[in-house]
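Visitor: So that you have it, the file is start.csv, and it contains CSV, C-alpha atoms:
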chain,number,residue,atom,x,y,z
A,52,MET,CA,-0.8,-31.7,-7.4
A,53,PHE,CA,-0.4,-28.1,-6.3
A,54,LEU,CA,0.8,-26.1,-3.3
A,55,ILE,CA,-1.2,-23.2,-1.8
A,56,ALA,CA,0.4,-20.9,0.8
A,57,ASP,CA,-1.3,-18.2,2.9
A,58,SER,CA,1.3,-16.0,4.5
A,59,GLY,CA,0.7,-13.3,7.1
A,60,SER,CA,3.1,-11.4,9.2
A,61,THR,CA,3.0,-14.0,12.0
A,62,LYS,CA,2.8,-17.4,10.2
A,63,THR,CA,2.6,-19.0,6.8
A,64,THR,CA,0.3,-22.0,6.2
A,65,TRP,CA,1.2,-24.2,3.3
A,66,CYS,CA,-1.1,-27.0,1.9
A,67,LEU,CA,0.0,-29.6,-0.6
A,68,VAL,CA,-3.1,-30.7,-2.4
A,69,ASP,CA,-3.5,-33.7,-4.7
A,70,LYS,CA,-6.7,-33.9,-6.7
A,71,THR,CA,-6.0,-37.0,-8.7
A,72,PRO,CA,-9.2,-37.8,-10.7
A,73,GLY,CA,-11.2,-40.7,-9.3
A,74,GLN,CA,-9.4,-40.5,-5.9
A,75,PRO,CA,-10.2,-38.7,-2.7
A,76,LYS,CA,-8.6,-35.3,-2.4
A,77,PHE,CA,-5.3,-35.4,-0.4
A,78,VAL,CA,-4.2,-32.4,1.7
A,79,GLN,CA,-0.9,-32.2,3.5
A,80,PRO,CA,-0.5,-29.1,5.7
A,81,PHE,CA,2.8,-27.4,6.8
A,82,GLN,CA,3.5,-24.3,8.7
A,83,THR,CA,6.5,-21.9,8.7
A,84,GLN,CA,7.1,-18.4,10.0
A,85,GLY,CA,5.4,-15.4,8.4
A,86,LEU,CA,7.0,-14.4,5.1
A,87,ASN,CA,5.8,-10.8,4.6
A,88,PRO,CA,8.4,-9.4,2.1
A,89,LEU,CA,8.3,-6.0,4.0
A,90,TYR,CA,10.3,-7.8,6.7
A,91,ALA,CA,11.4,-11.2,5.4
A,92,THR,CA,14.4,-11.4,3.0
A,93,GLU,CA,14.6,-13.5,-0.2
A,94,GLU,CA,16.9,-15.9,1.6
A,95,GLU,CA,14.4,-16.4,4.5
A,96,ILE,CA,11.7,-17.2,2.0
A,97,VAL,CA,13.9,-19.7,0.2
A,98,VAL,CA,14.7,-21.4,3.4
A,99,ALA,CA,11.1,-21.7,4.4
A,100,ALA,CA,10.0,-23.1,1.0
A,101,ARG,CA,12.8,-25.6,1.1
A,102,GLN,CA,11.6,-26.8,4.5
A,103,VAL,CA,8.2,-27.4,3.0
A,104,VAL,CA,9.7,-29.4,0.1
A,105,GLU,CA,11.7,-31.5,2.5
A,106,GLN,CA,8.7,-32.2,4.7
A,107,SER,CA,6.6,-33.2,1.7
A,108,GLY,CA,9.1,-35.9,0.7
A,109,GLU,CA,10.4,-33.9,-2.2
A,110,ARG,CA,7.1,-34.1,-4.0
A,111,MET,CA,7.1,-31.2,-6.5
A,112,PRO,CA,3.8,-29.5,-7.3
A,113,SER,CA,2.9,-28.4,-10.8
A,114,LEU,CA,1.5,-25.1,-9.4
A,115,VAL,CA,2.4,-23.0,-6.5
A,116,GLN,CA,-0.1,-20.3,-5.4
A,117,PHE,CA,1.4,-17.9,-2.8
A,118,TYR,CA,-1.0,-15.4,-1.1
A,119,GLY,CA,1.0,-13.1,1.1
A,120,ALA,CA,0.8,-9.9,3.3
A,121,GLY,CA,3.0,-7.3,1.7
A,122,CYS,CA,2.9,-9.0,-1.7
A,123,SER,CA,2.5,-6.2,-4.2
A,124,GLY,CA,4.7,-4.6,-6.9
A,125,GLU,CA,8.4,-5.3,-6.5
A,126,ARG,CA,7.9,-7.2,-3.2
A,127,SER,CA,5.7,-9.8,-5.0
A,128,GLU,CA,8.5,-10.2,-7.5
A,129,LEU,CA,11.0,-10.8,-4.7
A,130,VAL,CA,8.7,-13.6,-3.4
A,131,GLU,CA,8.3,-15.1,-6.9
A,132,ARG,CA,12.0,-15.0,-7.5
A,133,ALA,CA,12.7,-16.8,-4.1
A,134,LEU,CA,10.1,-19.5,-4.9
A,135,ARG,CA,11.5,-20.1,-8.4
A,136,ARG,CA,14.9,-20.9,-6.8
A,137,VAL,CA,13.2,-23.8,-4.9
A,138,PHE,CA,10.8,-25.4,-7.4
A,139,THR,CA,11.5,-26.9,-10.8
A,140,PRO,CA,11.3,-24.8,-14.0
A,141,MET,CA,8.2,-26.8,-14.9
A,142,THR,CA,6.3,-25.5,-11.8
A,143,ARG,CA,4.0,-22.6,-12.4
A,144,VAL,CA,4.4,-20.0,-9.6
A,145,GLU,CA,1.7,-17.4,-8.9
A,146,VAL,CA,2.2,-14.7,-6.2
A,147,ALA,CA,-0.7,-12.5,-5.1
A,148,SER,CA,-1.8,-10.4,-2.0
A,149,ASP,CA,-3.2,-12.1,1.1
A,150,LEU,CA,-6.3,-10.0,0.5
A,151,LEU,CA,-6.9,-11.6,-2.8
A,152,GLY,CA,-6.5,-15.0,-1.2
A,153,ALA,CA,-9.0,-14.0,1.5
A,154,CYS,CA,-11.5,-12.7,-1.1
A,155,ARG,CA,-11.2,-16.0,-3.1
A,156,ALA,CA,-11.7,-18.0,0.1
A,157,LEU,CA,-14.8,-16.0,1.2
A,158,GLY,CA,-16.5,-15.3,-2.1
A,159,ASP,CA,-18.4,-12.4,-3.6
A,160,GLY,CA,-19.1,-9.2,-1.6
A,161,LEU,CA,-17.5,-7.4,1.3
A,162,CYS,CA,-14.4,-9.4,2.5
A,163,CYS,CA,-12.1,-8.5,5.4
A,164,ILE,CA,-8.9,-9.6,7.0
A,165,LEU,CA,-8.8,-9.2,10.8
A,166,GLY,CA,-5.6,-10.9,12.0
A,167,THR,CA,-2.2,-9.5,12.8
A,168,GLY,CA,-3.1,-6.8,10.3
A,169,ALA,CA,-6.5,-5.6,9.1
A,170,ILE,CA,-7.9,-4.6,5.7
A,171,ALA,CA,-11.3,-4.5,4.0
A,172,ALA,CA,-12.3,-5.0,0.3
A,173,ARG,CA,-15.2,-5.5,-2.0
A,174,TYR,CA,-14.7,-8.5,-4.2
A,175,ASP,CA,-16.3,-9.1,-7.6
A,176,ALA,CA,-15.9,-12.9,-7.9
A,177,ALA,CA,-17.1,-13.0,-11.5
A,178,HIS,CA,-14.2,-10.8,-12.7
A,179,ASP,CA,-11.8,-11.7,-9.8
A,180,GLN,CA,-11.4,-8.0,-9.0
A,181,MET,CA,-11.1,-6.1,-5.8
A,182,GLN,CA,-11.9,-2.6,-4.6
A,183,THR,CA,-9.8,-2.0,-1.4
A,184,ALA,CA,-9.8,0.4,1.5
A,185,SER,CA,-6.0,0.8,2.2
A,186,SER,CA,-5.0,-0.3,5.6
A,187,LEU,CA,-1.8,1.8,6.0
A,188,GLY,CA,-0.2,-0.8,8.2
A,189,TYR,CA,0.1,-1.2,11.9
A,190,ILE,CA,1.6,2.3,12.6
A,191,LEU,CA,-0.9,4.5,10.6
A,192,GLY,CA,-3.8,2.1,10.5
A,193,ASP,CA,-4.8,-1.5,10.9
A,194,GLU,CA,-7.6,-0.5,13.4
A,195,GLY,CA,-9.0,-3.6,15.1
A,196,SER,CA,-6.1,-5.8,14.1
A,197,GLY,CA,-4.1,-8.0,16.4
A,198,ALA,CA,-1.2,-5.5,16.3
A,199,TRP,CA,-3.6,-2.6,17.2
A,200,LEU,CA,-5.3,-4.5,20.0
A,201,GLY,CA,-2.0,-5.8,21.4
A,202,ARG,CA,-0.5,-2.3,21.3
A,203,GLN,CA,-3.5,-0.9,23.3
A,204,VAL,CA,-3.3,-3.8,25.9
A,205,LEU,CA,0.5,-3.4,26.3
A,206,SER,CA,0.4,0.3,26.5
A,207,ASP,CA,-2.4,0.3,29.1
A,208,TYR,CA,-0.5,-2.3,31.2
A,209,LEU,CA,2.8,-0.3,31.1
A,210,LYS,CA,1.0,3.0,31.9
A,211,GLU,CA,-1.1,1.4,34.6
A,212,GLN,CA,-4.4,2.3,32.8
A,213,MET,CA,-5.9,-1.1,33.5
A,214,PRO,CA,-8.0,-2.0,36.6
A,215,GLN,CA,-5.9,-3.9,39.1
A,216,ARG,CA,-7.8,-7.2,38.5
A,217,VAL,CA,-7.1,-6.9,34.8
A,218,ARG,CA,-3.4,-6.2,35.5
A,219,SER,CA,-3.2,-9.3,37.5
A,220,LEU,CA,-4.7,-11.3,34.7
A,221,PHE,CA,-2.2,-9.8,32.3
A,222,ALA,CA,0.7,-10.8,34.6
A,223,GLU,CA,-0.7,-14.3,34.9
A,224,ASP,CA,-0.8,-14.7,31.1
A,225,PHE,CA,2.4,-12.9,30.1
A,226,GLY,CA,4.5,-12.6,33.2
A,227,GLU,CA,5.9,-9.2,34.3
A,228,VAL,CA,6.6,-7.2,31.1
A,229,SER,CA,8.9,-4.2,31.6
A,230,ALA,CA,8.9,-1.0,29.6
A,231,GLU,CA,12.5,-1.7,28.7
A,232,SER,CA,11.8,-5.1,27.2
A,233,ALA,CA,8.7,-3.8,25.3
A,234,ILE,CA,10.7,-0.9,23.9
A,235,GLU,CA,13.5,-3.2,22.9
A,236,HIS,CA,11.0,-5.5,21.0
A,237,VAL,CA,9.0,-2.6,19.3
A,238,TYR,CA,11.8,-0.2,18.4
A,239,ARG,CA,14.9,-2.4,18.0
A,240,GLN,CA,13.8,-6.0,17.1
A,241,PRO,CA,12.4,-7.2,13.8
A,242,PHE,CA,8.7,-7.9,13.4
A,243,PRO,CA,7.3,-5.4,16.0
A,244,ASN,CA,3.8,-5.9,14.6
A,245,ARG,CA,4.1,-9.6,15.3
A,246,TYR,CA,5.3,-8.9,18.9
A,247,LEU,CA,2.4,-6.6,19.6
A,248,ALA,CA,-0.1,-9.0,18.2
A,249,THR,CA,0.9,-11.6,20.8
A,250,PHE,CA,-0.9,-9.5,23.4
A,251,ALA,CA,-4.1,-9.4,21.4
A,252,VAL,CA,-5.2,-12.9,22.6
A,253,PHE,CA,-5.7,-11.3,26.0
A,254,VAL,CA,-8.8,-9.5,24.7
A,255,GLY,CA,-10.6,-12.7,23.5
A,256,ARG,CA,-9.3,-14.8,26.4
A,257,HIS,CA,-10.9,-12.5,29.0
A,258,SER,CA,-13.9,-11.4,27.1
A,259,ASP,CA,-16.0,-11.6,30.3
A,260,CYS,CA,-14.3,-8.6,31.8
A,261,ASP,CA,-15.5,-5.1,31.0
A,262,TYR,CA,-12.0,-3.8,30.0
A,263,CYS,CA,-11.6,-6.4,27.3
A,264,GLN,CA,-15.2,-6.1,26.1
A,265,ARG,CA,-14.8,-2.3,25.7
A,266,LEU,CA,-11.4,-2.6,24.0
A,267,GLY,CA,-12.6,-5.3,21.6
A,268,TYR,CA,-15.7,-3.2,20.7
A,269,GLN,CA,-13.6,-0.1,20.2
A,270,GLY,CA,-11.2,-1.8,17.8
A,271,ILE,CA,-13.9,-3.4,15.7
A,272,GLU,CA,-16.0,-0.2,15.6
A,273,LEU,CA,-12.9,1.7,14.4
A,274,PHE,CA,-12.3,-1.0,11.8
A,275,PHE,CA,-15.8,-0.6,10.4
A,276,LYS,CA,-15.8,3.2,10.6
A,277,ARG,CA,-12.4,3.8,9.1
A,278,ASN,CA,-12.2,0.9,6.6
A,279,VAL,CA,-15.5,-0.8,5.8
A,280,GLN,CA,-17.5,2.4,5.5
A,281,ARG,CA,-15.1,3.6,2.8
A,282,LEU,CA,-16.5,0.8,0.6
A,283,ASN,CA,-20.0,2.3,0.7
A,284,PRO,CA,-21.7,-0.9,2.0
A,285,ARG,CA,-25.4,-1.3,1.2
A,286,SER,CA,-28.0,-1.6,3.9
A,287,GLY,CA,-28.4,-5.3,5.0
A,288,GLU,CA,-25.3,-6.4,3.0
A,289,SER,CA,-23.3,-9.4,4.1
A,290,ILE,CA,-19.7,-9.0,5.2
A,291,SER,CA,-17.3,-11.9,5.8
A,292,PHE,CA,-14.0,-12.2,7.6
A,293,VAL,CA,-10.8,-14.2,7.8
A,294,GLY,CA,-8.2,-14.1,10.6
A,295,SER,CA,-7.5,-14.9,14.3
A,296,VAL,CA,-9.0,-11.7,15.6
A,297,ALA,CA,-12.2,-12.2,13.7
A,298,ASP,CA,-12.4,-15.8,14.9
A,299,GLY,CA,-11.8,-14.8,18.5
A,300,LEU,CA,-14.2,-11.8,18.5
A,301,GLN,CA,-17.2,-13.2,16.6
A,302,ASP,CA,-19.8,-12.0,19.0
A,303,THR,CA,-18.4,-8.4,18.9
A,304,LEU,CA,-18.2,-8.5,15.1
A,305,ARG,CA,-21.9,-9.4,14.9
A,306,VAL,CA,-22.9,-6.6,17.3
A,307,VAL,CA,-20.9,-4.0,15.5
A,308,ALA,CA,-22.0,-5.2,12.1
A,309,GLU,CA,-25.7,-5.0,13.1
A,310,LEU,CA,-25.2,-1.4,14.3
A,311,HIS,CA,-23.9,-0.6,10.8
A,312,ASP,CA,-26.9,-2.4,9.3
A,313,LEU,CA,-24.8,-5.2,8.0
A,314,HIS,CA,-25.0,-9.0,8.3
A,315,VAL,CA,-21.9,-11.2,9.2
A,316,GLY,CA,-21.6,-14.0,6.7
A,317,ARG,CA,-18.6,-16.4,6.8
A,318,ILE,CA,-15.8,-16.2,9.4
A,319,LEU,CA,-12.7,-18.3,8.7
A,320,LYS,CA,-9.8,-18.4,11.1
A,321,ASP,CA,-7.5,-19.3,8.2
A,322,PRO,CA,-8.3,-18.5,4.6
A,323,ILE,CA,-6.6,-21.7,3.5
A,324,GLU,CA,-9.9,-23.4,4.6
A,325,GLY,CA,-11.7,-21.7,1.7
A,326,LEU,CA,-8.8,-22.1,-0.8
A,327,ILE,CA,-8.3,-25.8,-0.9
What's the structure tokens form of this structure?
Guide:
Amino acid sequence: MFLIADSGSTKTTWCLVDKTPGQPKFVQPFQTQGLNPLYATEEEIVVAARQVVEQSGERMPSLVQFYGAGCSGERSELVERALRRVFTPMTRVEVASDLLGACRALGDGLCCILGTGAIAARYDAAHDQMQTASSLGYILGDEGSGAWLGRQVLSDYLKEQMPQRVRSLFAEDFGEVSAESAIEHVYRQPFPNRYLATFAVFVGRHSDCDYCQRLGYQGIELFFKRNVQRLNPRSGESISFVGSVADGLQDTLRVVAELHDLHVGRILKDPIEGLI
């Protein structure tokens, strides 16, 4: 029995998997808040992991694989230290980046995350190695991500850069959002990228209006231009995706990929689908 976790900035999906020989595979899913160690503390990770153990009926896995946004260097060590405080000394704990988890879920070739954040990589499945195009996060990069799209939507609403019909749709979806409340969330509250990404659903939800079509296309095109192209894709090569934005903008992804002479392969809303 082992526990797999895929953690982004918004949520963490945990799956307890039992592969007893001769019996059907058993999968028990759980969900907690996002546990990106750039923002989450060691104690918050401990609390979330203990919630999972409690909900699983105290069933201890022999292996924990944690794939997380922000998990590199000392930050991955922080996550591993937190998990070791929860599980038994006999449990093997492995912590790796969410990008490696996405690559393992999608398989060989060009693999991308388009969720709250965005990043692209070329994955060599035979050697379990990645070549990455650094994302630089939601302030300097993450083009096409939920945080990027949400920031554009929110900014256009607050600066009255939307057509009136689109402003009305925004107000129906989110209520009246003031500049003061937006500034409070973005500049003073924790997880500003998570807050911004909540507005990204507007683009997929109203994909029939020109404003959302243009914004979705702009974000995906920038993602390809500033991330995918840095990996020197070959003409006709397949490119696969995980993440809520990729799932919600599948048609736009295929249009932009074709313009870059690429073919869209797999699209998974959640990488856990390909990891269990």
Visitor: Grab the CA of Arg135 in chain A to CA of Ala100 in chain A distance for me, in Å with one decimal place.
Guide: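 Computing it gives 10.0 Å between the two atoms.
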Visitor: Give me the range 217-279 of chain A side of the contact with range 168-177 of chain A, cut-off 10 Å, one line per residue showing its nearest atom pair and distance in Å at one decimal, counting all atoms listed in the file, sorted by chain and residue number, as CSV.
Guide:
residue,atom,partner,partner_atom,distance
A:Asn244,CA,A:Gly168,CA,8.2
A:Arg245,CA,A:Gly168,CA,9.2
A:Ala248,CA,A:Gly168,CA,8.7
A:Phe274,CA,A:Ala169,CA,7.9
A:Phe275,CA,A:Ala171,CA,8.7
A:Arg277,CA,A:Ala171,CA,9.8
A:Asn278,CA,A:Ala171,CA,6.1
A:Val279,CA,A:Ala171,CA,5.9
Visitor: I need every residue sitting at most 6 Å from the point (-2.3, -36.8, -1.8) (coordinates as in the file, only C-alpha atoms considered), written as a PDB file with C-alpha atoms, keeping the file's coordinate frame.
Guide:
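Once everything was written out, this is result-v7.pdb:
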ATOM      1  CA  ASP A  69      -3.500 -33.700  -4.700  1.00  0.00           C
ATOM      2  CA  PHE A  77      -5.300 -35.400  -0.400  1.00  0.00           C
ATOM      3  CA  VAL A  78      -4.200 -32.400   1.700  1.00  0.00           C
TER       4      VAL A  78
END
Visitor: Which residues are close to range 256-259 of chain A, i.e. within 10 Å by all atoms listed in the file, leaving aside same-chain residues fewer than 6 positions away? Reply as an MDAnalysis selection string.
Guide: chainID A and resid 217 220:221 224 265:267 299:300 303
Visitor: CA of Ala91 in chain A and CA of Pro241 in chain A, how far apart in Å?
Guide: 9.4 Å
Visitor: Measuring between only C-alpha atoms, which one of A:Ala153, A:Leu89, A:Leu134, A:Val296 shows the shortest distance to Cys122 in chain A?
Guide: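 Nearest to Cys122 in chain A: A:Leu89.
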Visitor: Just how far from CA of Thr61 in chain A is CA of Glu125 in chain A, in Å to one decimal?
Guide: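 Pair CA of Glu125 in chain A / CA of Thr61 in chain A returns 21.1 Å.
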Visitor: Closest to Gly201 in chain A among A:Cys263, A:Leu187, A:Ala308, A:Leu161, using all atoms listed in the file?
Guide: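 Closest to Gly201 in chain A of all the choices is A:Cys263.
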Visitor: Looking at all atoms listed in the file, which of A:Tyr268, A:Phe250, A:Gly188, A:Leu313 is the one that sits closest to Arg285 in chain A?
Guide: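 Nearest candidate to Arg285 in chain A out of A:Tyr268, A:Phe250, A:Gly188, A:Leu313: A:Leu313.
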Visitor: Return the single residue from A:Glu235, A:Asp57, A:Asp159, A:Glu93 that is closest to Glu131 in chain A, with distances computed using all atoms listed in the file.
Guide: A:Glu93
Visitor: Which of these, A:Ala99, A:Leu247, A:Val254, A:Met111, has the shortest distance to Leu67 in chain A once you count only C-alpha atoms?
Guide: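 Of A:Ala99, A:Leu247, A:Val254, A:Met111, the one nearest Leu67 in chain A is A:Met111, counting only C-alpha atoms.
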Visitor: Would you tabulate, counting all atoms listed in the file, all residues of range 121-159 of chain A that have an atom at most 12 Å from an atom of range 322-327 of chain A, showing the closest pair of atoms and their distance in Å to one decimal, sorted by chain then ascending number, as a Markdown table?
Guide:
| residue | atom | partner | partner_atom | distance |
| --- | --- | --- | --- | --- |
| A:Asp149 | CA | A:Pro322 | CA | 8.9 |
| A:Leu150 | CA | A:Pro322 | CA | 9.6 |
| A:Leu151 | CA | A:Pro322 | CA | 10.2 |
| A:Gly152 | CA | A:Pro322 | CA | 7.0 |
| A:Ala153 | CA | A:Pro322 | CA | 5.5 |
| A:Cys154 | CA | A:Pro322 | CA | 8.7 |
| A:Arg155 | CA | A:Leu326 | CA | 6.9 |
| A:Ala156 | CA | A:Gly325 | CA | 4.0 |
| A:Leu157 | CA | A:Gly325 | CA | 6.5 |
| A:Gly158 | CA | A:Gly325 | CA | 8.9 |
Visitor: Which residue out of A:Cys162, A:Leu273, A:Val137, A:Val146 has the minimum interatomic distance to Trp199 in chain A when only C-alpha atoms are used?
Guide: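 Distance minimum relative to Trp199 in chain A lands on A:Leu273.
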Visitor: Counting all atoms listed in the file, what is within 12 Å of Gln203 in chain A, bar same-chain residues fewer than 3 positions away, as a PyMOL selection string?
Guide: chain A and resi 189+194-200+206-213+247-251+253-254+262-263+265-267+269-270
Visitor: Hey, could you patch up range 177-204 of chain A with N, CA and C atoms and hand it over as a PDB file, in the coordinates of the input?
Guide:
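To be explicit, this is the file written out as out31.pdb:
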ATOM      1  N   ALA A 177     -16.974 -12.722 -10.101  1.00  0.00           N
ATOM      2  CA  ALA A 177     -17.100 -13.000 -11.500  1.00  0.00           C
ATOM      3  C   ALA A 177     -15.945 -12.555 -12.338  1.00  0.00           C
ATOM      4  N   HIS A 178     -15.369 -11.408 -11.939  1.00  0.00           N
ATOM      5  CA  HIS A 178     -14.200 -10.800 -12.700  1.00  0.00           C
ATOM      6  C   HIS A 178     -12.924 -10.931 -11.893  1.00  0.00           C
ATOM      7  N   ASP A 179     -12.969 -11.537 -10.693  1.00  0.00           N
ATOM      8  CA  ASP A 179     -11.800 -11.700  -9.800  1.00  0.00           C
ATOM      9  C   ASP A 179     -11.106 -10.337  -9.617  1.00  0.00           C
ATOM     10  N   GLN A 180     -11.922  -9.328  -9.253  1.00  0.00           N
ATOM     11  CA  GLN A 180     -11.400  -8.000  -9.000  1.00  0.00           C
ATOM     12  C   GLN A 180     -11.791  -7.463  -7.656  1.00  0.00           C
ATOM     13  N   MET A 181     -10.920  -6.615  -7.087  1.00  0.00           N
ATOM     14  CA  MET A 181     -11.100  -6.100  -5.800  1.00  0.00           C
ATOM     15  C   MET A 181     -11.151  -4.551  -5.764  1.00  0.00           C
ATOM     16  N   GLN A 182     -11.986  -3.991  -4.912  1.00  0.00           N
ATOM     17  CA  GLN A 182     -11.900  -2.600  -4.600  1.00  0.00           C
ATOM     18  C   GLN A 182     -11.488  -2.562  -3.098  1.00  0.00           C
ATOM     19  N   THR A 183     -10.379  -1.922  -2.775  1.00  0.00           N
ATOM     20  CA  THR A 183      -9.800  -2.000  -1.400  1.00  0.00           C
ATOM     21  C   THR A 183      -9.879  -0.677  -0.688  1.00  0.00           C
ATOM     22  N   ALA A 184      -9.944  -0.782   0.628  1.00  0.00           N
ATOM     23  CA  ALA A 184      -9.800   0.400   1.500  1.00  0.00           C
ATOM     24  C   ALA A 184      -8.391   0.204   2.139  1.00  0.00           C
ATOM     25  N   SER A 185      -7.412   0.993   1.732  1.00  0.00           N
ATOM     26  CA  SER A 185      -6.000   0.800   2.200  1.00  0.00           C
ATOM     27  C   SER A 185      -5.912   0.768   3.683  1.00  0.00           C
ATOM     28  N   SER A 186      -5.093  -0.155   4.190  1.00  0.00           N
ATOM     29  CA  SER A 186      -5.000  -0.300   5.600  1.00  0.00           C
ATOM     30  C   SER A 186      -3.960   0.612   6.276  1.00  0.00           C
ATOM     31  N   LEU A 187      -2.908   0.960   5.542  1.00  0.00           N
ATOM     32  CA  LEU A 187      -1.800   1.800   6.000  1.00  0.00           C
ATOM     33  C   LEU A 187      -0.887   1.179   7.010  1.00  0.00           C
ATOM     34  N   GLY A 188      -1.077  -0.110   7.305  1.00  0.00           N
ATOM     35  CA  GLY A 188      -0.200  -0.800   8.200  1.00  0.00           C
ATOM     36  C   GLY A 188      -0.387  -0.527   9.669  1.00  0.00           C
ATOM     37  N   TYR A 189       0.409  -1.199  10.502  1.00  0.00           N
ATOM     38  CA  TYR A 189       0.100  -1.200  11.900  1.00  0.00           C
ATOM     39  C   TYR A 189       0.482   0.133  12.626  1.00  0.00           C
ATOM     40  N   ILE A 190       1.253   1.018  11.984  1.00  0.00           N
ATOM     41  CA  ILE A 190       1.600   2.300  12.600  1.00  0.00           C
ATOM     42  C   ILE A 190       0.527   3.357  12.270  1.00  0.00           C
ATOM     43  N   LEU A 191       0.110   3.436  11.014  1.00  0.00           N
ATOM     44  CA  LEU A 191      -0.900   4.500  10.600  1.00  0.00           C
ATOM     45  C   LEU A 191      -2.290   3.961  10.546  1.00  0.00           C
ATOM     46  N   GLY A 192      -2.488   2.652  10.608  1.00  0.00           N
ATOM     47  CA  GLY A 192      -3.800   2.100  10.500  1.00  0.00           C
ATOM     48  C   GLY A 192      -4.018   0.795  11.163  1.00  0.00           C
ATOM     49  N   ASP A 193      -4.568  -0.180  10.420  1.00  0.00           N
ATOM     50  CA  ASP A 193      -4.800  -1.500  10.900  1.00  0.00           C
ATOM     51  C   ASP A 193      -5.700  -1.547  12.180  1.00  0.00           C
ATOM     52  N   GLU A 194      -6.649  -0.606  12.238  1.00  0.00           N
ATOM     53  CA  GLU A 194      -7.600  -0.500  13.400  1.00  0.00           C
ATOM     54  C   GLU A 194      -8.271  -1.889  13.573  1.00  0.00           C
ATOM     55  N   GLY A 195      -8.343  -2.351  14.817  1.00  0.00           N
ATOM     56  CA  GLY A 195      -9.000  -3.600  15.100  1.00  0.00           C
ATOM     57  C   GLY A 195      -8.162  -4.835  14.937  1.00  0.00           C
ATOM     58  N   SER A 196      -6.976  -4.692  14.391  1.00  0.00           N
ATOM     59  CA  SER A 196      -6.100  -5.800  14.100  1.00  0.00           C
ATOM     60  C   SER A 196      -5.476  -6.358  15.407  1.00  0.00           C
ATOM     61  N   GLY A 197      -4.788  -7.500  15.297  1.00  0.00           N
ATOM     62  CA  GLY A 197      -4.100  -8.000  16.400  1.00  0.00           C
ATOM     63  C   GLY A 197      -2.975  -7.078  16.907  1.00  0.00           C
ATOM     64  N   ALA A 198      -2.278  -6.440  15.966  1.00  0.00           N
ATOM     65  CA  ALA A 198      -1.200  -5.500  16.300  1.00  0.00           C
ATOM     66  C   ALA A 198      -1.828  -4.275  17.043  1.00  0.00           C
ATOM     67  N   TRP A 199      -2.978  -3.796  16.558  1.00  0.00           N
ATOM     68  CA  TRP A 199      -3.600  -2.600  17.200  1.00  0.00           C
ATOM     69  C   TRP A 199      -4.132  -2.972  18.572  1.00  0.00           C
ATOM     70  N   LEU A 200      -4.835  -4.098  18.716  1.00  0.00           N
ATOM     71  CA  LEU A 200      -5.300  -4.500  20.000  1.00  0.00           C
ATOM     72  C   LEU A 200      -4.200  -4.774  20.997  1.00  0.00           C
ATOM     73  N   GLY A 201      -3.165  -5.469  20.514  1.00  0.00           N
ATOM     74  CA  GLY A 201      -2.000  -5.800  21.400  1.00  0.00           C
ATOM     75  C   GLY A 201      -1.307  -4.526  21.837  1.00  0.00           C
ATOM     76  N   ARG A 202      -1.190  -3.551  20.952  1.00  0.00           N
ATOM     77  CA  ARG A 202      -0.500  -2.300  21.300  1.00  0.00           C
ATOM     78  C   ARG A 202      -1.326  -1.583  22.433  1.00  0.00           C
ATOM     79  N   GLN A 203      -2.660  -1.581  22.311  1.00  0.00           N
ATOM     80  CA  GLN A 203      -3.500  -0.900  23.300  1.00  0.00           C
ATOM     81  C   GLN A 203      -3.329  -1.656  24.675  1.00  0.00           C
ATOM     82  N   VAL A 204      -3.384  -2.981  24.646  1.00  0.00           N
ATOM     83  CA  VAL A 204      -3.300  -3.800  25.900  1.00  0.00           C
ATOM     84  C   VAL A 204      -1.909  -3.521  26.543  1.00  0.00           C
TER      85      VAL A 204
END
